[in-house]
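**Q** Sharing protein-v6.txt below, compact mmCIF, C-alpha atoms (C1' of nucleotides):
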# COMPACT_ATOMS: atom_id res chain seq x y z
CA MET D 1 9.20 49.19 14.29
CA SER D 2 11.62 47.00 12.55
CA VAL D 3 10.61 43.78 10.95
CA THR D 4 14.00 42.30 11.63
CA HIS D 5 13.10 38.88 12.86
CA THR D 6 16.03 37.66 10.87
CA GLY D 7 17.49 35.74 13.73
CA VAL D 8 16.53 32.45 15.24
CA THR D 9 13.22 32.88 16.89
CA GLY D 10 11.15 30.70 19.13
CA PRO D 11 12.11 28.29 21.83
CA ALA D 12 13.70 25.02 20.85
CA ALA D 13 12.48 25.48 17.35
CA LEU D 14 12.32 22.74 14.80
CA GLU D 15 15.27 22.57 12.52
CA PRO D 16 14.95 24.11 9.11
CA CYS D 17 13.63 21.76 6.50
CA GLY D 18 14.23 21.61 2.82
CA GLN D 19 17.66 23.18 2.75
CA PRO D 20 20.37 21.36 0.88
CA GLU D 21 22.37 21.02 4.09
CA HIS D 22 19.35 19.60 5.90
CA PRO D 23 17.66 17.76 3.05
CA ASP D 24 14.75 17.59 5.41
CA CYS D 25 14.28 17.20 9.11
CA GLY D 26 12.88 13.72 8.84
CA ILE D 27 9.29 14.72 8.54
CA ARG D 28 9.18 13.97 4.88
CA ASP D 29 10.09 10.36 5.59
CA VAL D 30 7.32 9.77 8.03
CA LEU D 31 4.86 11.67 5.91
CA ASP D 32 5.67 9.73 2.79
CA ARG D 33 5.14 6.59 4.81
CA VAL D 34 1.90 7.26 6.64
CA GLY D 35 0.68 10.39 4.93
CA ASP D 36 -1.40 8.57 2.39
CA LYS D 37 -5.09 7.94 2.56
CA TRP D 38 -5.12 4.59 4.36
CA SER D 39 -1.89 3.72 6.16
CA VAL D 40 -2.75 5.36 9.44
CA LEU D 41 -6.20 3.83 9.53
CA VAL D 42 -4.75 0.39 8.95
CA ILE D 43 -2.20 0.97 11.70
CA VAL D 44 -4.95 2.04 14.03
CA GLU D 45 -6.92 -1.08 13.27
CA LEU D 46 -3.86 -3.26 13.84
CA ALA D 47 -3.24 -1.47 17.10
CA GLY D 48 -6.15 -3.54 18.38
CA GLY D 49 -4.27 -6.73 17.71
CA PRO D 50 -3.57 -9.06 14.80
CA ARG D 51 -6.09 -8.95 12.00
CA ARG D 52 -6.79 -10.96 8.91
CA PHE D 53 -7.03 -9.39 5.50
CA ARG D 54 -10.80 -9.33 5.35
CA GLU D 55 -11.06 -8.13 8.91
CA ILE D 56 -9.04 -5.06 8.10
CA GLU D 57 -11.03 -4.57 4.95
CA ARG D 58 -14.29 -4.60 6.89
CA ALA D 59 -12.94 -2.43 9.70
CA VAL D 60 -11.48 0.27 7.52
CA GLN D 61 -14.60 1.18 5.69
CA GLY D 62 -14.26 2.40 2.17
CA ILE D 63 -10.90 0.86 1.42
CA SER D 64 -10.67 -1.27 -1.69
CA GLN D 65 -8.88 -4.60 -1.78
CA ARG D 66 -6.37 -3.09 -4.08
CA MET D 67 -5.50 -0.27 -1.72
CA LEU D 68 -5.53 -2.54 1.29
CA THR D 69 -3.06 -4.81 -0.44
CA LEU D 70 -0.81 -1.94 -1.43
CA THR D 71 -1.02 -0.29 1.97
CA VAL D 72 -0.29 -3.41 3.92
CA ARG D 73 2.54 -4.32 1.56
CA ARG D 74 4.20 -0.97 1.99
CA LEU D 75 3.87 -1.18 5.75
CA GLU D 76 5.39 -4.62 5.64
CA ARG D 77 8.20 -3.39 3.46
CA ASP D 78 8.98 -0.66 5.93
CA GLY D 79 9.00 -3.13 8.77
CA LEU D 80 6.00 -1.63 10.51
CA VAL D 81 3.81 -4.66 9.94
CA ARG D 82 4.52 -8.36 9.91
CA ARG D 83 2.62 -10.63 7.56
CA THR D 84 2.06 -14.23 8.54
CA VAL D 85 0.73 -16.86 6.17
CA TYR D 86 -0.86 -20.01 7.57
CA PRO D 87 -0.78 -22.91 5.10
CA THR D 88 -4.44 -23.71 5.46
CA VAL D 89 -7.04 -24.14 2.75
CA PRO D 90 -8.14 -21.66 1.81
CA ALA D 91 -5.13 -19.54 2.61
CA GLN D 92 -5.19 -17.57 5.82
CA VAL D 93 -3.06 -14.54 6.47
CA ASP D 94 -2.79 -12.21 9.35
CA TYR D 95 -1.10 -8.92 9.90
CA ARG D 96 0.21 -7.45 13.09
CA LEU D 97 2.26 -4.45 14.07
CA THR D 98 5.93 -4.92 14.73
CA GLU D 99 7.58 -3.21 17.66
CA VAL D 100 8.47 -0.32 15.41
CA GLY D 101 4.96 -0.12 14.06
CA ALA D 102 3.49 -0.23 17.53
CA SER D 103 5.71 2.64 18.62
CA LEU D 104 4.02 4.74 15.98
CA THR D 105 0.58 4.22 17.44
CA HIS D 106 1.36 6.49 20.35
CA LEU D 107 2.04 9.35 17.99
CA VAL D 108 -1.02 8.55 15.97
CA LYS D 109 -3.01 8.55 19.16
CA ALA D 110 -1.63 11.96 20.03
CA LEU D 111 -2.62 13.27 16.63
CA ALA D 112 -6.11 11.86 16.99
CA ASP D 113 -6.45 13.44 20.42
CA TRP D 114 -5.25 16.76 19.08
CA SER D 115 -7.74 16.57 16.29
CA LEU D 116 -10.63 15.81 18.58
CA ALA D 117 -9.59 18.54 20.98
CA HIS D 118 -9.43 21.18 18.26
CA ARG D 119 -12.07 19.98 15.87
CA GLU D 120 -14.66 22.53 16.98
CA ILE D 121 -12.25 25.43 16.93
CA ILE D 122 -11.07 24.52 13.49
CA ALA D 123 -14.58 24.09 12.18
CA GLY D 124 -15.40 27.54 13.54
CA ALA D 125 -12.35 29.11 11.96
CA ARG D 126 -13.24 27.46 8.71
CA ASP D 127 -16.81 28.72 8.72
CA ALA D 128 -15.62 32.21 9.62
CA TYR D 129 -13.15 32.16 6.76
CA ASP D 130 -15.73 30.95 4.30
CA ALA D 131 -18.13 33.64 5.46
CA GLU D 132 -15.52 36.34 4.89
CA HIS D 133 -14.34 34.94 1.60
CA PRO D 134 -17.43 34.02 -0.38
CA GLY D 135 -17.03 32.09 -3.56
CA HIS D 136 -13.36 31.78 -2.77
CA ASP D 137 -12.88 28.05 -2.75
CA ILE D 138 -9.63 26.64 -1.51
CA HIS D 139 -10.34 22.98 -1.15
CA MET E 1 8.00 -8.18 26.01
CA SER E 2 5.62 -10.48 24.25
CA VAL E 3 3.21 -9.32 21.65
CA THR E 4 0.33 -11.27 23.06
CA HIS E 5 -2.20 -8.54 23.34
CA THR E 6 -4.72 -10.46 21.33
CA GLY E 7 -7.69 -9.10 23.14
CA VAL E 8 -9.12 -5.69 23.53
CA THR E 9 -5.87 -3.90 23.17
CA GLY E 10 -3.46 -2.13 25.38
CA PRO E 11 -3.73 0.93 27.55
CA ALA E 12 -6.05 3.64 26.35
CA ALA E 13 -6.11 2.08 22.95
CA LEU E 14 -7.25 3.81 19.85
CA GLU E 15 -10.90 3.55 19.11
CA PRO E 16 -12.01 1.71 16.02
CA CYS E 17 -12.04 3.83 12.92
CA GLY E 18 -14.15 3.67 9.88
CA GLN E 19 -17.21 2.07 11.40
CA PRO E 20 -20.53 3.73 10.75
CA GLU E 21 -20.98 4.31 14.48
CA HIS E 22 -17.53 5.89 14.72
CA PRO E 23 -17.27 7.56 11.33
CA ASP E 24 -13.65 7.99 12.22
CA CYS E 25 -11.60 8.60 15.31
CA GLY E 26 -10.45 12.03 14.27
CA ILE E 27 -7.38 10.89 12.44
CA ARG E 28 -8.94 11.52 9.11
CA ASP E 29 -9.45 15.15 10.02
CA VAL E 30 -5.89 15.79 10.95
CA LEU E 31 -4.66 13.83 7.98
CA ASP E 32 -6.81 15.72 5.55
CA ARG E 33 -5.47 18.88 7.05
CA VAL E 34 -1.74 18.28 7.23
CA GLY E 35 -1.38 15.06 5.29
CA ASP E 36 -0.65 16.79 2.04
CA LYS E 37 2.73 17.33 0.52
CA TRP E 38 3.59 20.71 2.01
CA SER E 39 1.49 21.71 5.01
CA VAL E 40 3.71 20.17 7.64
CA LEU E 41 6.85 21.65 6.16
CA VAL E 42 5.29 25.09 6.14
CA ILE E 43 4.21 24.65 9.74
CA VAL E 44 7.71 23.61 10.67
CA GLU E 45 9.13 26.67 9.01
CA LEU E 46 6.65 28.93 10.76
CA ALA E 47 7.52 27.26 14.04
CA GLY E 48 10.70 29.31 13.83
CA GLY E 49 8.73 32.54 13.93
CA PRO E 50 6.82 34.77 11.54
CA ARG E 51 7.85 34.51 7.93
CA ARG E 52 7.12 36.39 4.76
CA PHE E 53 5.84 34.71 1.65
CA ARG E 54 9.16 34.56 -0.13
CA GLU E 55 10.95 33.49 2.99
CA ILE E 56 8.79 30.43 3.28
CA GLU E 57 9.19 29.79 -0.40
CA ARG E 58 12.95 29.84 -0.09
CA ALA E 59 12.99 27.80 3.11
CA VAL E 60 10.71 25.04 1.89
CA GLN E 61 12.72 24.00 -1.09
CA GLY E 62 10.88 22.69 -4.06
CA ILE E 63 7.54 24.24 -3.31
CA SER E 64 5.97 26.28 -6.09
CA GLN E 65 4.30 29.64 -5.52
CA ARG E 66 1.05 28.06 -6.42
CA MET E 67 1.31 25.35 -3.80
CA LEU E 68 2.65 27.73 -1.20
CA THR E 69 -0.34 29.97 -1.76
CA LEU E 70 -2.79 27.10 -1.56
CA THR E 71 -1.11 25.57 1.46
CA VAL E 72 -0.93 28.78 3.41
CA ARG E 73 -4.51 29.66 2.50
CA ARG E 74 -5.81 26.37 3.74
CA LEU E 75 -3.87 26.69 6.97
CA GLU E 76 -5.28 30.16 7.40
CA ARG E 77 -8.77 28.90 6.72
CA ASP E 78 -8.38 26.26 9.40
CA GLY E 79 -7.15 28.85 11.86
CA LEU E 80 -3.68 27.37 12.16
CA VAL E 81 -1.96 30.34 10.56
CA ARG E 82 -2.63 34.04 10.69
CA ARG E 83 -1.93 36.19 7.67
CA THR E 84 -1.00 39.82 8.16
CA VAL E 85 -0.84 42.35 5.36
CA TYR E 86 1.19 45.51 5.78
CA PRO E 87 0.04 48.32 3.50
CA THR E 88 3.48 49.07 2.19
CA VAL E 89 4.63 49.35 -1.38
CA PRO E 90 5.21 46.84 -2.62
CA ALA E 91 2.86 44.80 -0.52
CA GLN E 92 4.31 42.95 2.41
CA VAL E 93 2.68 39.98 4.06
CA ASP E 94 3.70 37.75 6.85
CA TYR E 95 2.44 34.50 8.21
CA ARG E 96 2.63 33.16 11.71
CA LEU E 97 1.24 30.24 13.61
CA THR E 98 -1.78 30.82 15.78
CA GLU E 99 -2.02 29.25 19.21
CA VAL E 100 -3.78 26.29 17.70
CA GLY E 101 -1.20 25.98 14.97
CA ALA E 102 1.63 26.21 17.45
CA SER E 103 0.11 23.43 19.51
CA LEU E 104 0.50 21.20 16.48
CA THR E 105 4.23 21.75 16.27
CA HIS E 106 4.85 19.62 19.31
CA LEU E 107 3.21 16.67 17.62
CA VAL E 108 5.04 17.36 14.41
CA LYS E 109 8.26 17.49 16.37
CA ALA E 110 7.43 14.12 17.89
CA LEU E 111 6.85 12.69 14.44
CA ALA E 112 10.13 14.07 13.21
CA ASP E 113 11.94 12.62 16.20
CA TRP E 114 10.30 9.27 15.65
CA SER E 115 11.31 9.35 12.04
CA LEU E 116 14.92 10.15 12.82
CA ALA E 117 15.04 7.51 15.52
CA HIS E 118 13.75 4.77 13.24
CA ARG E 119 15.03 5.86 9.89
CA GLU E 120 17.89 3.37 9.85
CA ILE E 121 15.75 0.47 10.96
CA ILE E 122 13.17 1.24 8.35
CA ALA E 123 15.75 1.62 5.63
CA GLY E 124 17.11 -1.75 6.61
CA ALA E 125 13.72 -3.40 6.57
CA ARG E 126 13.09 -1.88 3.20
CA ASP E 127 16.31 -3.13 1.71
CA ALA E 128 15.69 -6.58 3.14
CA TYR E 129 12.22 -6.64 1.66
CA ASP E 130 13.43 -5.54 -1.73
CA ALA E 131 16.12 -8.17 -1.64
CA GLU E 132 13.60 -10.89 -0.94
CA HIS E 133 11.05 -9.61 -3.39
CA PRO E 134 12.92 -8.72 -6.56
CA GLY E 135 11.12 -6.91 -9.31
CA HIS E 136 8.16 -6.59 -7.02
CA ASP E 137 7.68 -2.85 -6.88
CA ILE E 138 5.26 -1.44 -4.36
CA HIS E 139 5.91 2.25 -4.44
C1' DC X 1 -9.97 -16.31 1.48
C1' DG X 2 -6.22 -13.42 -0.15
C1' DG X 3 -4.83 -11.45 -3.36
C1' DG X 4 -2.81 -10.03 -8.74
C1' DA X 5 -3.71 -7.61 -13.28
C1' DT X 6 -6.12 -3.99 -15.94
C1' DC X 7 -8.60 -0.12 -16.99
C1' DC X 8 -9.76 4.38 -16.14
C1' DC X 9 -10.78 8.69 -14.04
C1' DG X 10 -10.35 12.46 -10.60
C1' DT X 11 -7.25 14.99 -8.00
C1' DT X 12 -2.65 16.81 -6.86
C1' DG X 13 0.61 19.51 -8.05
C1' DG X 14 4.46 21.42 -11.29
C1' DA X 15 5.58 24.93 -15.04
C1' DT X 16 4.68 29.07 -16.94
C1' DA X 17 2.83 33.59 -17.78
C1' DC X 18 0.51 37.59 -16.11
C1' DT X 19 -1.05 41.30 -12.40
C1' DG X 20 -1.44 44.85 -8.51
C1' DC H 1 6.91 41.29 -3.41
C1' DA H 2 2.85 38.53 -3.26
C1' DG H 3 0.15 36.64 -5.44
C1' DT H 4 -3.65 34.91 -9.65
C1' DA H 5 -4.77 32.22 -13.82
C1' DT H 6 -4.13 28.35 -17.12
C1' DC H 7 -2.57 24.40 -18.85
C1' DC H 8 -1.02 19.89 -18.41
C1' DA H 9 1.44 15.61 -16.67
C1' DA H 10 1.75 12.26 -12.99
C1' DC H 11 -0.09 9.68 -9.57
C1' DG H 12 -3.47 7.88 -6.36
C1' DG H 13 -6.96 5.19 -6.07
C1' DG H 14 -11.76 2.96 -7.35
C1' DA H 15 -14.09 -0.74 -10.21
C1' DT H 16 -13.85 -4.91 -12.26
C1' DC H 17 -12.30 -9.43 -13.53
C1' DC H 18 -9.47 -13.33 -12.62
C1' DC H 19 -6.59 -16.82 -10.13
C1' DG H 20 -4.48 -20.28 -6.56
Go ahead and express the file in the form of structure tokens.

**A**
Amino acid sequence: MSVTHTGVTGPAALEPCGQPEHPDCGIRDVLDRVGDKWSVLVIVELAGGPRRFREIERAVQGISQRMLTLTVRRLERDGLVRRTVYPTVPAQVDYRLTEVGASLTHLVKALADWSLAHREIIAGARDAYDAEHPGHDIH
Amino acid sequence: MSVTHTGVTGPAALEPCGQPEHPDCGIRDVLDRVGDKWSVLVIVELAGGPRRFREIERAVQGISQRMLTLTVRRLERDGLVRRTVYPTVPAQVDYRLTEVGASLTHLVKALADWSLAHREIIAGARDAYDAEHPGHDIH
DNA sequence: CGGGATCCCGTTGGATACTG
DNA sequence: CAGTATCCAACGGGATCCCG
């Protein structure tokens, strides 16, 4: 039996990533943008409509003001979120998804659904692995 | 299309995340799993068919052996990748996506497509932001 | 309220050397 | 080839204080 899977396998495969010719297939971009600890959670919260700074902070439990500021700034910079300042006293600011940002929520939703659908299976696989590989910590 | 969905959100909206009642909506899981620097790229490579250790290493440019090992181990632990050892000399090992792992590639593909589709827009927004906010570095 | 500025620590991950 | 073992630098991110 030859191990000659040298050719192009699989149906409609993803393009190769990382090669010089294909610096990457675009995944790096999206990952660098929403792959951090908070971005997706903020997007999810904003998917429910415009939110003020403190509202997001309360909704996304565990986030610090610092990280909320940074996260929301980066999303604004990338054009996924629009920041609106109302000249009241004290200042009032709200954030909402742009069209582009909103288009991301569908994908995020799909990922969340996938996660929920496979969560048990994955937990099982994980336990099985840990049982077979004692003391072998990967985390 | 107006952005006036102030109320309880659009169609089949995402559930609130972070609340004590809803510890999270599942996004955290998937993010913790594939949100790191290399996992998705390895999955993409494996989407093209079974690969040996060195093949992945060469394909995913910039990854170190250490990180490839860790990444592939974690994916194996989660049941997304199956590792097969052939008792040859020298040792030969290949990795391939499991059914569960393969089911993720569709989502990853969607993310990549989204990224490619919006890459210009985002780059533009970014440049515009940087132009308006000089010296104000967010990265 | 909506942040900015610092300090500081834990984790991620790169470089390198060694092994079966 | 397919890893394992260390060491170490960079960065993410939490805590705290301060300001308009």

**Q** What would chain D look like once superposed on chain E, with the fit done by least squares over all C-alpha atoms paired in order? Give it as an mmCIF file with C-alpha atoms, keeping the file's coordinate frame.

**A**
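Dumped to result.cif:
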data_model
loop_
_atom_site.group_PDB
_atom_site.id
_atom_site.type_symbol
_atom_site.label_atom_id
_atom_site.label_comp_id
_atom_site.auth_asym_id
_atom_site.auth_seq_id
_atom_site.Cartn_x
_atom_site.Cartn_y
_atom_site.Cartn_z
ATOM 1 C CA MET D 1 -1.985 -22.521 21.214
ATOM 2 C CA SER D 2 -5.043 -20.514 20.670
ATOM 3 C CA VAL D 3 -5.072 -17.458 18.524
ATOM 4 C CA THR D 4 -7.797 -15.930 20.618
ATOM 5 C CA HIS D 5 -6.586 -12.406 20.983
ATOM 6 C CA THR D 6 -10.165 -11.390 20.544
ATOM 7 C CA GLY D 7 -10.179 -9.211 23.585
ATOM 8 C CA VAL D 8 -8.776 -5.790 24.177
ATOM 9 C CA THR D 9 -5.064 -6.051 24.072
ATOM 10 C CA GLY D 10 -2.285 -3.661 24.863
ATOM 11 C CA PRO D 11 -1.960 -1.009 27.485
ATOM 12 C CA ALA D 12 -3.980 2.149 27.120
ATOM 13 C CA ALA D 13 -4.551 1.362 23.514
ATOM 14 C CA LEU D 14 -5.755 3.848 20.983
ATOM 15 C CA GLU D 15 -9.439 3.791 20.386
ATOM 16 C CA PRO D 16 -10.706 1.935 17.377
ATOM 17 C CA CYS D 17 -10.901 4.031 14.271
ATOM 18 C CA GLY D 18 -13.186 3.828 11.328
ATOM 19 C CA GLN D 19 -16.156 2.248 13.035
ATOM 20 C CA PRO D 20 -19.514 3.874 12.546
ATOM 21 C CA GLU D 21 -19.760 4.511 16.282
ATOM 22 C CA HIS D 22 -16.315 6.106 16.304
ATOM 23 C CA PRO D 23 -16.275 7.672 12.853
ATOM 24 C CA ASP D 24 -12.604 8.075 13.512
ATOM 25 C CA CYS D 25 -10.450 8.816 16.490
ATOM 26 C CA GLY D 26 -9.516 12.259 15.300
ATOM 27 C CA ILE D 27 -6.458 11.246 13.403
ATOM 28 C CA ARG D 28 -8.139 11.645 10.088
ATOM 29 C CA ASP D 29 -8.774 15.303 10.848
ATOM 30 C CA VAL D 30 -5.209 16.131 11.609
ATOM 31 C CA LEU D 31 -3.965 14.046 8.735
ATOM 32 C CA ASP D 32 -6.254 15.678 6.235
ATOM 33 C CA ARG D 33 -4.979 18.997 7.490
ATOM 34 C CA VAL D 34 -1.230 18.514 7.597
ATOM 35 C CA GLY D 35 -0.822 15.240 5.775
ATOM 36 C CA ASP D 36 -0.291 16.817 2.410
ATOM 37 C CA LYS D 37 3.001 17.471 0.742
ATOM 38 C CA TRP D 38 3.722 20.977 2.028
ATOM 39 C CA SER D 39 1.700 22.004 5.075
ATOM 40 C CA VAL D 40 4.094 20.686 7.666
ATOM 41 C CA LEU D 41 7.094 22.228 5.970
ATOM 42 C CA VAL D 42 5.379 25.593 5.874
ATOM 43 C CA ILE D 43 4.475 25.269 9.545
ATOM 44 C CA VAL D 44 8.050 24.434 10.356
ATOM 45 C CA GLU D 45 9.269 27.474 8.494
ATOM 46 C CA LEU D 46 6.747 29.689 10.276
ATOM 47 C CA ALA D 47 7.840 28.215 13.570
ATOM 48 C CA GLY D 48 10.905 30.406 13.128
ATOM 49 C CA GLY D 49 8.781 33.512 13.180
ATOM 50 C CA PRO D 50 6.670 35.553 10.779
ATOM 51 C CA ARG D 51 7.557 35.185 7.135
ATOM 52 C CA ARG D 52 6.605 36.894 3.933
ATOM 53 C CA PHE D 53 5.269 35.008 0.965
ATOM 54 C CA ARG D 54 8.512 34.946 -0.964
ATOM 55 C CA GLU D 55 10.492 34.090 2.123
ATOM 56 C CA ILE D 56 8.480 30.951 2.633
ATOM 57 C CA GLU D 57 8.753 30.170 -1.033
ATOM 58 C CA ARG D 58 12.537 30.394 -0.898
ATOM 59 C CA ALA D 59 12.793 28.497 2.383
ATOM 60 C CA VAL D 60 10.603 25.598 1.396
ATOM 61 C CA GLN D 61 12.517 24.528 -1.622
ATOM 62 C CA GLY D 62 10.603 22.978 -4.437
ATOM 63 C CA ILE D 63 7.221 24.429 -3.613
ATOM 64 C CA SER D 64 5.437 26.253 -6.397
ATOM 65 C CA GLN D 65 3.661 29.554 -5.893
ATOM 66 C CA ARG D 66 0.436 27.824 -6.580
ATOM 67 C CA MET D 67 0.930 25.239 -3.869
ATOM 68 C CA LEU D 68 2.279 27.785 -1.438
ATOM 69 C CA THR D 69 -0.823 29.872 -1.956
ATOM 70 C CA LEU D 70 -3.132 26.914 -1.510
ATOM 71 C CA THR D 71 -1.251 25.595 1.498
ATOM 72 C CA VAL D 72 -1.114 28.884 3.296
ATOM 73 C CA ARG D 73 -4.766 29.557 2.511
ATOM 74 C CA ARG D 74 -5.858 26.258 3.955
ATOM 75 C CA LEU D 75 -3.790 26.826 7.068
ATOM 76 C CA GLU D 76 -5.343 30.235 7.417
ATOM 77 C CA ARG D 77 -8.789 28.795 6.955
ATOM 78 C CA ASP D 78 -8.167 26.309 9.711
ATOM 79 C CA GLY D 79 -6.953 29.038 12.002
ATOM 80 C CA LEU D 80 -3.418 27.719 12.212
ATOM 81 C CA VAL D 81 -1.912 30.688 10.418
ATOM 82 C CA ARG D 82 -2.728 34.366 10.428
ATOM 83 C CA ARG D 83 -2.286 36.409 7.279
ATOM 84 C CA THR D 84 -1.501 40.087 7.573
ATOM 85 C CA VAL D 85 -1.587 42.484 4.649
ATOM 86 C CA TYR D 86 0.324 45.758 4.855
ATOM 87 C CA PRO D 87 -1.061 48.410 2.495
ATOM 88 C CA THR D 88 2.286 49.252 0.994
ATOM 89 C CA VAL D 89 3.260 49.430 -2.654
ATOM 90 C CA PRO D 90 3.898 46.875 -3.798
ATOM 91 C CA ALA D 91 1.737 44.832 -1.486
ATOM 92 C CA GLN D 92 3.412 43.176 1.454
ATOM 93 C CA VAL D 93 1.996 40.215 3.289
ATOM 94 C CA ASP D 94 3.241 38.168 6.128
ATOM 95 C CA TYR D 95 2.177 34.940 7.686
ATOM 96 C CA ARG D 96 2.614 33.776 11.223
ATOM 97 C CA LEU D 97 1.424 30.876 13.306
ATOM 98 C CA THR D 98 -1.508 31.395 15.599
ATOM 99 C CA GLU D 99 -1.481 29.967 19.090
ATOM 100 C CA VAL D 100 -3.194 26.873 17.785
ATOM 101 C CA GLY D 101 -0.743 26.557 14.943
ATOM 102 C CA ALA D 102 2.193 27.000 17.266
ATOM 103 C CA SER D 103 0.900 24.240 19.515
ATOM 104 C CA LEU D 104 1.230 21.904 16.571
ATOM 105 C CA THR D 105 4.920 22.571 16.160
ATOM 106 C CA HIS D 106 5.729 20.585 19.264
ATOM 107 C CA LEU D 107 4.147 17.512 17.760
ATOM 108 C CA VAL D 108 5.835 18.126 14.465
ATOM 109 C CA LYS D 109 9.100 18.435 16.303
ATOM 110 C CA ALA D 110 8.466 15.119 18.003
ATOM 111 C CA LEU D 111 7.781 13.495 14.664
ATOM 112 C CA ALA D 112 10.950 14.943 13.195
ATOM 113 C CA ASP D 113 12.956 13.698 16.161
ATOM 114 C CA TRP D 114 11.424 10.262 15.835
ATOM 115 C CA SER D 115 12.275 10.193 12.189
ATOM 116 C CA LEU D 116 15.866 11.176 12.748
ATOM 117 C CA ALA D 117 16.226 8.684 15.568
ATOM 118 C CA HIS D 118 14.918 5.797 13.482
ATOM 119 C CA ARG D 119 16.042 6.772 10.031
ATOM 120 C CA GLU D 120 18.968 4.347 9.973
ATOM 121 C CA ILE D 121 16.967 1.448 11.319
ATOM 122 C CA ILE D 122 14.250 2.023 8.800
ATOM 123 C CA ALA D 123 16.689 2.338 5.941
ATOM 124 C CA GLY D 124 18.223 -0.965 7.022
ATOM 125 C CA ALA D 125 14.868 -2.687 7.227
ATOM 126 C CA ARG D 126 14.024 -1.351 3.824
ATOM 127 C CA ASP D 127 17.225 -2.593 2.229
ATOM 128 C CA ALA D 128 16.776 -5.985 3.871
ATOM 129 C CA TYR D 129 13.244 -6.215 2.547
ATOM 130 C CA ASP D 130 14.281 -5.236 -0.937
ATOM 131 C CA ALA D 131 17.070 -7.796 -0.849
ATOM 132 C CA GLU D 132 14.637 -10.546 0.122
ATOM 133 C CA HIS D 133 11.968 -9.469 -2.306
ATOM 134 C CA PRO D 134 13.696 -8.732 -5.590
ATOM 135 C CA GLY D 135 11.739 -7.114 -8.338
ATOM 136 C CA HIS D 136 8.876 -6.742 -5.918
ATOM 137 C CA ASP D 137 8.285 -3.028 -5.977
ATOM 138 C CA ILE D 138 5.952 -1.517 -3.454
ATOM 139 C CA HIS D 139 6.571 2.163 -3.779
#

**Q** What's the separation between atom CA of Asp36 of chain D and atom CA of Arg58 of chain E, in Å to one decimal place?

**A**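 Between these atoms lies a distance of 25.8 Å.
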
**Q** Please find the residues of chain H near chain E - the criterion being any atom within 10 Å, counting only C-alpha atoms (C1' of nucleotides) - and write them as a ChimeraX atom specification.

**A** /H:1-4

**Q** Per residue of chain E within 6 Å of chain D, which atom pair is closest and at what distance in Å (one decimal), using only C-alpha atoms, listed by chain and increasing number, as a tab-separated table?

**A**
residue	atom	partner	partner_atom	distance
E:Thr6	CA	D:Gly49	CA	5.2
E:Thr9	CA	D:Gly48	CA	4.8
E:Gly18	CA	D:Gln61	CA	4.9
E:Gly26	CA	D:Ala112	CA	5.1
E:Ile27	CA	D:Ala112	CA	4.8
E:Val30	CA	D:Ser115	CA	5.7
E:Gly35	CA	D:Gly35	CA	5.1
E:Gly48	CA	D:Thr9	CA	5.3
E:Gly49	CA	D:Thr9	CA	5.4
E:Val60	CA	D:Gly18	CA	5.0
E:Gln61	CA	D:Gly18	CA	4.8
E:Arg77	CA	D:Arg126	CA	5.1
E:Asp78	CA	D:Arg126	CA	5.1
E:Gly79	CA	D:Ala125	CA	5.2
E:Ala112	CA	D:Ile27	CA	4.8
E:Ser115	CA	D:Gly26	CA	5.6
E:Leu116	CA	D:Gly26	CA	5.7
E:Ile122	CA	D:Asp78	CA	5.2
E:Ala125	CA	D:Gly79	CA	5.2
E:Arg126	CA	D:Asp78	CA	5.1
E:Tyr129	CA	D:Arg77	CA	5.5

**Q** Can you tell me how far atom CA of Leu68 of chain D sits from atom CA of Ala131 of chain E, in Å to one decimal?

**A**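 Taking atom CA of Leu68 of chain D and atom CA of Ala131 of chain E, their separation equals 22.6 Å.
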
**Q** With all atoms listed in the file considered, list every residue of chain X at most 9 Å from chain D, as a list in words.

**A** DC1, DG2 and DG3 of chain X

**Q** What would segment 34-39 of chain D look like with N, CA, C and O atoms restored, written as an mmCIF file, keeping the file's coordinate frame?

**A**
data_model
loop_
_atom_site.group_PDB
_atom_site.id
_atom_site.type_symbol
_atom_site.label_atom_id
_atom_site.label_comp_id
_atom_site.auth_asym_id
_atom_site.auth_seq_id
_atom_site.Cartn_x
_atom_site.Cartn_y
_atom_site.Cartn_z
ATOM 1 N N VAL D 34 3.244 7.378 6.068
ATOM 2 C CA VAL D 34 1.900 7.260 6.640
ATOM 3 C C VAL D 34 0.989 8.408 6.243
ATOM 4 O O VAL D 34 -0.109 8.528 6.762
ATOM 5 N N GLY D 35 1.473 9.234 5.323
ATOM 6 C CA GLY D 35 0.680 10.390 4.930
ATOM 7 C C GLY D 35 -0.369 10.100 3.885
ATOM 8 O O GLY D 35 -1.119 10.988 3.512
ATOM 9 N N ASP D 36 -0.424 8.884 3.424
ATOM 10 C CA ASP D 36 -1.400 8.570 2.390
ATOM 11 C C ASP D 36 -2.786 8.352 2.988
ATOM 12 O O ASP D 36 -3.009 8.504 4.182
ATOM 13 N N LYS D 37 -3.686 7.952 2.151
ATOM 14 C CA LYS D 37 -5.090 7.940 2.560
ATOM 15 C C LYS D 37 -5.427 6.845 3.573
ATOM 16 O O LYS D 37 -6.353 6.993 4.363
ATOM 17 N N TRP D 38 -4.675 5.749 3.576
ATOM 18 C CA TRP D 38 -5.120 4.590 4.360
ATOM 19 C C TRP D 38 -4.167 4.101 5.417
ATOM 20 O O TRP D 38 -4.602 3.449 6.384
ATOM 21 N N SER D 39 -2.878 4.340 5.268
ATOM 22 C CA SER D 39 -1.890 3.720 6.160
ATOM 23 C C SER D 39 -2.217 3.895 7.632
ATOM 24 O O SER D 39 -2.219 2.931 8.397
#
